[in-house]
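Shown here: data-v4.tsv, TSV, C-alpha atoms and all ligand atoms.
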chain	number	residue	atom	x	y	z
D	2	MET	CA	55.99	71.56	13.97
D	3	GLN	CA	55.94	69.54	10.78
D	4	VAL	CA	53.84	66.40	10.58
D	5	LYS	CA	55.15	63.85	8.15
D	6	ALA	CA	52.42	62.93	5.70
D	7	ASN	CA	52.09	59.44	4.25
D	8	TYR	CA	49.08	60.31	2.24
D	9	THR	CA	50.54	61.86	-0.88
D	10	SER	CA	52.17	58.75	-2.29
D	11	SER	CA	49.30	56.40	-1.44
D	12	GLY	CA	46.75	58.81	-2.88
D	13	GLU	CA	48.66	58.65	-6.12
D	14	SER	CA	48.80	54.85	-5.92
D	15	LEU	CA	45.05	54.66	-5.43
D	16	ALA	CA	44.47	56.84	-8.49
D	17	LEU	CA	46.96	54.72	-10.42
D	18	LEU	CA	45.16	51.51	-9.45
D	19	LEU	CA	41.67	52.86	-10.15
D	20	ASN	CA	42.86	54.03	-13.56
D	21	GLN	CA	43.71	50.43	-14.45
D	22	LEU	CA	40.30	49.06	-13.43
D	23	GLN	CA	36.97	48.87	-15.25
D	24	LYS	CA	33.56	50.00	-13.96
D	25	VAL	CA	34.98	51.69	-10.89
D	26	LYS	CA	32.21	52.88	-8.60
D	27	GLN	CA	32.62	54.72	-5.32
D	28	THR	CA	30.67	52.99	-2.54
D	29	GLY	CA	31.72	55.12	0.40
D	30	HIS	CA	34.44	57.30	1.79
D	31	ASP	CA	37.68	55.98	0.26
D	32	GLN	CA	35.84	52.80	-0.79
D	33	TYR	CA	35.28	51.55	-4.30
D	34	ILE	CA	34.14	48.50	-6.21
D	35	ALA	CA	35.33	47.54	-9.68
D	36	ILE	CA	35.61	44.69	-12.14
D	37	CYS	CA	38.36	42.34	-11.01
D	38	PRO	CA	41.04	42.29	-13.74
D	39	SER	CA	42.31	38.91	-12.59
D	40	HIS	CA	39.34	36.69	-13.44
D	41	ASN	CA	36.45	36.77	-15.91
D	42	ASP	CA	34.40	39.19	-13.84
D	43	LYS	CA	31.00	40.34	-15.09
D	44	ASN	CA	29.66	42.05	-11.98
D	45	PRO	CA	32.13	44.10	-9.97
D	46	SER	CA	33.47	41.76	-7.30
D	47	LEU	CA	36.62	43.64	-6.43
D	48	ALA	CA	36.45	45.86	-3.34
D	49	ILE	CA	39.06	48.58	-2.91
D	50	ARG	CA	39.51	50.53	0.26
D	51	GLN	CA	42.00	53.06	1.50
D	52	THR	CA	42.63	53.02	5.24
D	53	ASN	CA	43.25	56.01	7.47
D	54	GLU	CA	46.91	54.96	7.52
D	55	GLY	CA	47.03	55.36	3.75
D	56	LYS	CA	47.17	51.65	2.96
D	57	ILE	CA	45.20	50.37	-0.02
D	58	LEU	CA	43.30	47.16	0.63
D	59	ILE	CA	41.90	45.09	-2.20
D	60	LYS	CA	39.70	42.02	-2.00
D	61	CYS	CA	38.22	39.96	-4.79
D	62	PHE	CA	35.15	38.13	-3.53
D	63	ALA	CA	35.73	35.42	-6.13
D	64	GLY	CA	39.00	34.61	-4.40
D	65	CYS	CA	41.79	36.20	-6.49
D	66	SER	CA	44.82	37.16	-4.42
D	67	ALA	CA	45.91	40.77	-4.06
D	68	TYR	CA	49.14	39.83	-5.82
D	69	GLU	CA	47.30	38.43	-8.89
D	70	ILE	CA	45.03	41.48	-9.11
D	71	VAL	CA	47.81	44.01	-8.73
D	72	SER	CA	50.11	42.30	-11.24
D	73	THR	CA	47.27	42.00	-13.77
D	74	ALA	CA	46.71	45.74	-13.33
D	75	GLY	CA	50.40	46.30	-14.09
D	76	LEU	CA	51.33	47.43	-10.59
D	77	SER	CA	53.26	45.86	-7.74
D	78	LEU	CA	52.18	45.27	-4.15
D	79	ASN	CA	54.71	47.92	-3.09
D	80	ASP	CA	52.62	50.46	-4.98
D	81	LEU	CA	49.77	49.79	-2.56
D	82	PHE	CA	51.65	50.07	0.69
D	83	PRO	CA	53.54	53.23	1.51
D	84	LYS	CA	56.86	52.22	3.05
D	85	GLU	CA	56.30	54.23	6.23
D	86	SER	CA	53.35	52.09	7.28
D	87	SER	CA	54.68	48.69	6.21
D	88	HIS	CA	55.30	47.66	9.83
D	89	SER	CA	51.86	48.43	11.15
D	90	GLN	CA	49.48	45.68	12.15
D	91	PRO	CA	47.22	44.06	9.59
D	92	ILE	CA	43.65	45.25	9.88
D	93	ARG	CA	40.99	42.74	10.79
D	94	ASN	CA	37.71	42.72	8.91
D	95	PRO	CA	38.64	45.64	6.69
D	96	PHE	CA	35.51	45.40	4.56
D	97	PRO	CA	32.00	46.27	5.68
D	98	ALA	CA	29.83	43.34	6.70
D	99	THR	CA	27.32	44.13	3.96
D	100	ALA	CA	29.91	43.47	1.24
D	101	VAL	CA	30.82	40.13	2.78
D	102	LEU	CA	27.18	39.20	3.34
D	103	ARG	CA	26.39	39.87	-0.30
D	104	CYS	CA	29.11	37.37	-1.18
D	105	ILE	CA	27.89	34.61	1.13
D	106	GLN	CA	24.16	35.16	0.63
D	107	THR	CA	23.90	32.67	-2.24
D	108	GLU	CA	26.15	30.16	-0.55
D	109	ALA	CA	24.18	30.34	2.70
D	110	LEU	CA	20.99	29.67	0.73
D	111	ILE	CA	22.50	26.52	-0.78
D	112	VAL	CA	23.47	25.28	2.67
D	113	ALA	CA	19.97	26.05	4.00
D	114	VAL	CA	18.27	24.14	1.16
D	115	ALA	CA	20.52	21.14	1.75
D	116	ALA	CA	19.76	21.24	5.48
D	117	LEU	CA	16.01	21.32	4.76
D	118	ASN	CA	16.31	18.33	2.45
D	119	ILE	CA	18.21	16.38	5.09
D	120	ALA	CA	15.57	17.31	7.68
D	121	LYS	CA	12.87	15.96	5.36
D	122	GLY	CA	14.79	12.72	4.93
D	123	ILE	CA	15.77	13.43	1.32
D	124	SER	CA	19.29	12.18	0.72
D	125	LEU	CA	21.70	14.45	-1.12
D	126	THR	CA	23.30	13.48	-4.41
D	127	GLN	CA	27.05	13.54	-4.90
D	128	GLN	CA	26.56	16.71	-6.95
D	129	ASP	CA	24.71	18.34	-4.03
D	130	LEU	CA	27.50	17.33	-1.68
D	131	ASP	CA	30.17	18.76	-3.98
D	132	ARG	CA	28.24	22.01	-4.17
D	133	LEU	CA	28.00	22.12	-0.38
D	134	VAL	CA	31.75	21.71	-0.04
D	135	LEU	CA	32.24	24.57	-2.53
D	136	ALA	CA	29.76	26.73	-0.59
D	137	ALA	CA	31.60	26.03	2.66
D	138	SER	CA	34.94	26.94	1.13
D	139	ARG	CA	33.56	30.18	-0.32
D	140	ILE	CA	32.06	31.16	3.03
D	141	GLY	CA	35.38	30.31	4.64
D	142	ALA	CA	37.25	32.50	2.15
D	143	CYS	CA	35.07	35.48	3.06
D	144	TYR	CA	36.36	35.36	6.61
D	145	ASP	CA	39.94	36.19	5.53
E	1	ZN	ZN	39.03	38.17	-9.13

In structure tokens, how does this file's structure come out?
Amino acid sequence: MQVKANYTSSGESLALLLNQLQKVKQTGHDQYIAICPSHNDKNPSLAIRQTNEGKILIKCFAGCSAYEIVSTAGLSLNDLFPKESSHSQPIRNPFPATAVLRCIQTEALIVAVAALNIAKGISLTQQDLDRLVLAASRIGACYD
């Protein structure tokens, strides 16, 4: 009995994508990080993962969309998703918690410092408040 394999085409897509990226580093089984081509990235903030279904998931922790990243790399979103699996359910929390935590670590610290200041009766400046709103939106973006 023949089992239809989805893996060949997506394996090629993954290689194609990784070829377009800088400072690609393997972080686990079918998981990589690289410089995001879509913003001025100095430390690799783009996570790439291939699922068991052969889908390629990409996430920029600075907030670039998959579409922006893929088009900057000269590919299309169709290159990342083999047609056979296009109807399957989206995967929740596809990236390991450690990767997300690394992203929100700094932001959480900013929130904590602000909370301490409030507790001590120190009022926050408008600049502090703006930074807090930014921190909240970054933490929110990590949940996607
Ligand atoms: Zn980016």

What is the atom CA of D:Pro97-atom CA of D:Leu76 distance in Å, reported with one decimal? 25.3 Å

Could you tell me which of D:Gly64, D:Gly29, D:Gly55, D:Gly12 comes closest to ligand ZN 1 (chain E) if we count all atoms listed in the file? D:Gly64

Please, which residues have at least one atom within 8 Å of an atom of ligand ZN 1 (chain E), using all atoms listed in the file, listed as a PyMOL selection string? chain D and resi 36-42+46-47+61-66+70

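Going from atom CA of D:Gln21 to atom CA of D:Tyr33 covers 13.2 Å.
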
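Here atom CA of D:Ile105 and atom CA of D:Ala137 stand 9.5 Å from one another.
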
Could you give me, as a PyMOL selection string, the residues that have an atom at most 8 Å away from the point (31.6, 47.0, -2.6) in the coordinates of the file, using all atoms listed in the file? chain D and resi 28+32-34+45-49+100

Could you save the residues just selected, with C-alpha atoms, as a tab-separated table (two decimals), keeping the file's coordinate frame?
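Written output follows (result_24.tsv):
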chain	number	residue	atom	x	y	z
D	28	THR	CA	30.67	52.99	-2.54
D	32	GLN	CA	35.84	52.80	-0.79
D	33	TYR	CA	35.28	51.55	-4.30
D	34	ILE	CA	34.14	48.50	-6.21
D	45	PRO	CA	32.13	44.10	-9.97
D	46	SER	CA	33.47	41.76	-7.30
D	47	LEU	CA	36.62	43.64	-6.43
D	48	ALA	CA	36.45	45.86	-3.34
D	49	ILE	CA	39.06	48.58	-2.91
D	100	ALA	CA	29.91	43.47	1.24

Using only C-alpha atoms - which residues lie no farther than 12 Å from the point (50.5, 47.7, -18.3) in the file's frame? Write them as a ChimeraX atom specification. /D:17-18,20-22,38,71-77

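Across D:Ser124, D:His30, D:Val134, D:Lys43, the tightest approach to D:Val112 is made by D:Val134 when counting only C-alpha atoms.
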